[in-house]
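Inspection log for the structure reproduced underneath, given as structure tokens.
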Amino acid sequence: MTQPQLSFDGDPNGPAYERWREQFCRQVANVDFVPVGEGRVHRTIAPAILPRVRLSASFGTPMSFVSLGTNDELIITMSPNSALSGAMGKRPLEIAAGDVTIGDPSIKGAHITQTAHGNFQTALLPRKALLRACPNAEDLIARSIPGANPITSMFLRYYDLAHEHADKLAAAELDAVSQHLFDLSVLMIGARGDVADEARLRGLAAARFETIKSDILAQLDSPGLSLSDLAAAHRISPRSIQLLFERAGITYSSFVLEQRLLRAERLLRNPVMRTRKIIEIAHLAGFHDVSYFHRVFRRRFGQTPDDVRQMAGDTG
């Protein structure tokens with residue numbers, strides 16, 4: 001049996017389009033995709049299946065997503081660059097770009113329209129589990145959850161990380177990421193009491209840790225990367241960041257050093273960087289004391305930077 005085609009690019013008529021619409025949209029996604037406006041339809045779709053949450057990130061031309069009423073999950077929906085409109089049964093839906101809403105795909109004919117070219121992201125969560133954690137979740141269907149809220153912003157960032165790395169994680173890691181994403185979902189929707197406390201301990205700490213690590217990686221080559229500036233950017237104390245790393249079995253400084261060494265090693269093996277001097281490679285990896293770079297590099301890899309470059313060239 002052939003796998004259904006996930007993405008489509010072409011005119012919204014003819015056998016290829018109808019085959020995609022039937023085999024993927026209706027049979028797999030349980031949603032009918034209806035183009036908005038005239039012209040070609042473009043839709044790239046990248047799903048990520050986690051133990052408790054199903055993610056789908058898509059990009060393309062304006063589109064209406066119409067429920068067939070066969071799915072009993074609740075769906076968190078967002079678009080960073082397009083307003084969303086539609087209706088969940090009798091509830092009208094008008095959501096600004098960057099905000100979040102909850103949809104109910106069990107309602108046949110319920111629809112959400114991505115009104116402009118851009119991204120459309122969803123997270124499908126089991127209804128019963130979500131209602132146990134957030135009894136008010138169904139009250140928020142079709143209502144706007146501001147994307148600027150700190151918890152919502154954390155959810156959106158962790159969503160992107162989970163979607164990007166899901167296919168590279170082992171089963172136990174996927175399970176943990178799925179739980180953290182679910183915890184952030186219930187905090188964003190409005191869990192209370194013990195459920196909220198438990199979700200904060202798991203999901204919020206994990207999401208904060210991942211976003212901090214992501215920010216560090218984005219600034220590795222910067223001589224200005226500092227624990228105090230990172231703490232100020234995340235509105236927590238430097239000691240709180242150190243504790244997050246310590247709970248993971250490492251220290252902040254050892255994580256930064258390891259990531260810089262790994263980046264330097266990758267750059268030295270990259271044939272595109274063959275003409276760059278070792279001092280330039282060191283700077284690109286965030287080392288601005290070259291003698292220190294040589295010393296820690298040899299301690300970590302058992303070879304000098306020149307040795308690694310030479311071996312990579314011989315292999316090539």
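Just so we're on the same page: first chain in the structure tokens is A, next is B, and so on; residues restart at 1 for each chain, and ligands are numbered from 1 in the order they show up.
Of the residues in stretch 76-277 of chain A, those that DSSP places in strand (DSSP E) on the basis of the backbone are Ile76, Thr77, Met78, Leu84, Ser85, Gly86, Ala87, Met88, Arg91, Pro92, Leu93, Glu94, Ile95, Val100, Thr101, Ile102, Gly103, His111, Ile112, Thr113, Gln114, Gly118, Asn119, Phe120, Gln121, Thr122, Ala123, Leu124 and Leu125 of chain A.
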Preceding selection exported with C-alpha atoms as a short mmCIF file (atom, residue, chain, number, x, y, z; two decimals), in the first residue's frame:
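Done, and the output landed in part.cif:
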data_model
loop_
_atom_site.label_atom_id
_atom_site.label_comp_id
_atom_site.auth_asym_id
_atom_site.auth_seq_id
_atom_site.Cartn_x
_atom_site.Cartn_y
_atom_site.Cartn_z
CA ILE A 76 -4.72 23.78 19.63
CA THR A 77 -4.34 25.92 16.52
CA MET A 78 -2.10 28.88 15.71
CA LEU A 84 -7.59 32.88 11.45
CA SER A 85 -11.35 33.04 11.02
CA GLY A 86 -14.17 30.50 11.00
CA ALA A 87 -16.66 28.88 13.34
CA MET A 88 -16.87 26.00 15.82
CA ARG A 91 -19.28 29.90 18.01
CA PRO A 92 -17.63 32.38 15.62
CA LEU A 93 -13.84 32.33 15.54
CA GLU A 94 -11.64 35.38 14.87
CA ILE A 95 -7.99 35.02 15.94
CA VAL A 100 -3.75 30.69 19.75
CA THR A 101 -7.18 29.07 19.85
CA ILE A 102 -8.78 25.72 20.65
CA GLY A 103 -10.80 23.91 18.00
CA HIS A 111 -13.92 25.23 10.13
CA ILE A 112 -10.86 27.40 10.53
CA THR A 113 -9.57 29.54 7.66
CA GLN A 114 -5.97 30.62 7.28
CA GLY A 118 1.84 31.49 5.73
CA ASN A 119 2.09 28.90 8.48
CA PHE A 120 -0.67 26.85 10.07
CA GLN A 121 0.25 24.78 13.14
CA THR A 122 -1.81 22.37 15.19
CA ALA A 123 -1.44 20.18 18.26
CA LEU A 124 -4.08 17.52 18.78
CA LEU A 125 -4.58 16.45 22.39
#
Practice task
DSSP on the backbone, then: every residue of stretch 78-288 of chain A marked helix (DSSP H, G or I), written as a ChimeraX atom specification.
Solution key: /A:127-133,137-140,150-168,171-189,193-218,227-234,238-247,252-269,271-273,278-284
Problem - Gap from atom CA of A:Gln310 to atom CA of A:Ser254 - Å, one decimal - result: 27.1 Å
Exercise for the section: Skip A:His234 itself and residues of its chain fewer than 5 positions away, then list as number ranges by chain all residues within 9 Å of it, counting only C-alpha atoms. Expected result: A: 208, 212, 229
Fill in the blank from the handout: Residue with the minimum atom-to-atom distance to A:His117, picked from A:Arg299, A:Arg274, A:His42, A:Arg239 with only C-alpha atoms counted, is A:His42
Exercise for the section: For A:Glu138, work out the shell of residues within 9 Å, counting only C-alpha atoms and skipping chain neighbours fewer than 2 positions away, then give it as a ChimeraX atom specification. Expected result: /A:74,102-104,131,134-136,140-141
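In this model, the gap between atom CA of A:Ile281 and atom CA of A:Glu210 comes to 26.3 Å.
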